[in-house]
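*Asks:* Take a look at the following structure, please.
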Amino acid sequence: MEYYAPHLRRNARTLRKNMTKQERKLWYEFLKTLPVTVKRQELIGRYIADFYIPSAKIAIELDGSQHFEDEGLAYDRERDRFFAARGIQVLRYPNNEVTQNFSGVCENILLHLDQRTKETIETENDHG
């Protein structure tokens, strides 16, 4: 079991209670209705994923403007490498895309979820 710093647990709890407008929309109008477990503000190592689908190892990140500045881009690259090393695929969507192309974002998530689910089944069959 991984150790989580106490401040990360508090941060995750606070983020769950104070979701952005785009996070609320994606959660209540789509992710919450999926037939798989989706976790909000999930601790993964020293990072907090906006949304995480454990069965498919998919992290979904909604990016505000700070993610497109140099410091934010560098942080996201480091974070994505950390997730990738654990077999987690990161799907990133700018906040404005969630607002302006909600159905496209949902379709893209479903596409990746379907692909990852098939890959998991194939891997299990290869080892079984």
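Quick note on naming: the chains in the structure tokens go A, B, ... in the order shown, residues restart at 1 in each chain, and ligands are numbered from 1 in order of appearance.
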Compile the contact shell of segment 40-47 of chain A as a VMD selection string: residues with an atom at most 12 Å away, counting only C-alpha atoms, same-chain residues fewer than 2 positions apart removed.
*Replies:* chain A and resid 1 to 20 23 to 24 26 to 28 31 to 32 37 to 38 49 to 54 57 to 62 75 to 76 78 to 88
*Asks:* What residues in chain A get the DSSP label helix (DSSP H, G or I)? Please answer as a VMD selection string.
*Replies:* chain A and resid 6 to 17 21 to 29 31 to 33 65 to 68 70 to 85 95 to 100 102 to 127
*Asks:* For segment 95-106 of chain A, work out the shell of residues within 7 Å, counting only C-alpha atoms and skipping chain neighbours fewer than 4 positions away, then give it as a VMD selection string.
*Replies:* chain A and resid 22 62 to 64 110
*Asks:* Would you put the residues from that selection into a file with N, CA and C atoms, as a PDB file, in the first residue's frame?
*Replies:*
```
ATOM      1  N   GLN A  22     -16.796  22.605 -14.924  1.00  0.00           N
ATOM      2  CA  GLN A  22     -16.591  21.562 -15.936  1.00  0.00           C
ATOM      3  C   GLN A  22     -16.504  20.173 -15.294  1.00  0.00           C
ATOM      4  N   LEU A  62      -9.025  17.479 -16.400  1.00  0.00           N
ATOM      5  CA  LEU A  62      -9.607  18.657 -17.033  1.00  0.00           C
ATOM      6  C   LEU A  62      -8.672  19.819 -16.747  1.00  0.00           C
ATOM      7  N   ASP A  63      -8.201  20.438 -17.799  1.00  0.00           N
ATOM      8  CA  ASP A  63      -7.150  21.441 -17.667  1.00  0.00           C
ATOM      9  C   ASP A  63      -7.651  22.862 -17.842  1.00  0.00           C
ATOM     10  N   GLY A  64      -7.411  23.672 -16.820  1.00  0.00           N
ATOM     11  CA  GLY A  64      -7.662  25.103 -16.893  1.00  0.00           C
ATOM     12  C   GLY A  64      -6.468  25.797 -17.517  1.00  0.00           C
ATOM     13  N   LEU A 110     -15.299   7.309 -23.884  1.00  0.00           N
ATOM     14  CA  LEU A 110     -15.854   5.976 -24.147  1.00  0.00           C
ATOM     15  C   LEU A 110     -14.964   5.171 -25.081  1.00  0.00           C
TER      16      LEU A 110
END
```
*Asks:* Which is closer to Gln115 of chain A than all the others in A:Ile48, A:Ala56, A:Glu29, A:Leu34, using only C-alpha atoms?
*Replies:* A:Ala56
*Asks:* Tell me, which residues of segment 19-88 of chain A carry DSSP strand (DSSP E or B), written as a ChimeraX atom specification?
*Replies:* /A:39-44,47-53,58-63
*Asks:* Quick check, in Å to one decimal: how far apart do atom CA of Ser55 of chain A and atom CA of Leu113 of chain A lie?
*Replies:* 9.3 Å
*Asks:* What separation in Å, quoted to one decimal, exists between atom CA of Thr117 of chain A and atom CA of Arg77 of chain A?
*Replies:*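 Atom-to-atom, atom CA of Thr117 of chain A to atom CA of Arg77 of chain A, that is 24.8 Å.
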*Asks:* Of the candidates A:Lys39, A:Phe30, A:Glu119, A:Lys21, which one gets nearest to Glu107 of chain A if we count only C-alpha atoms?
*Replies:*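 Of the candidates, the smallest distance to Glu107 of chain A is held by A:Phe30.
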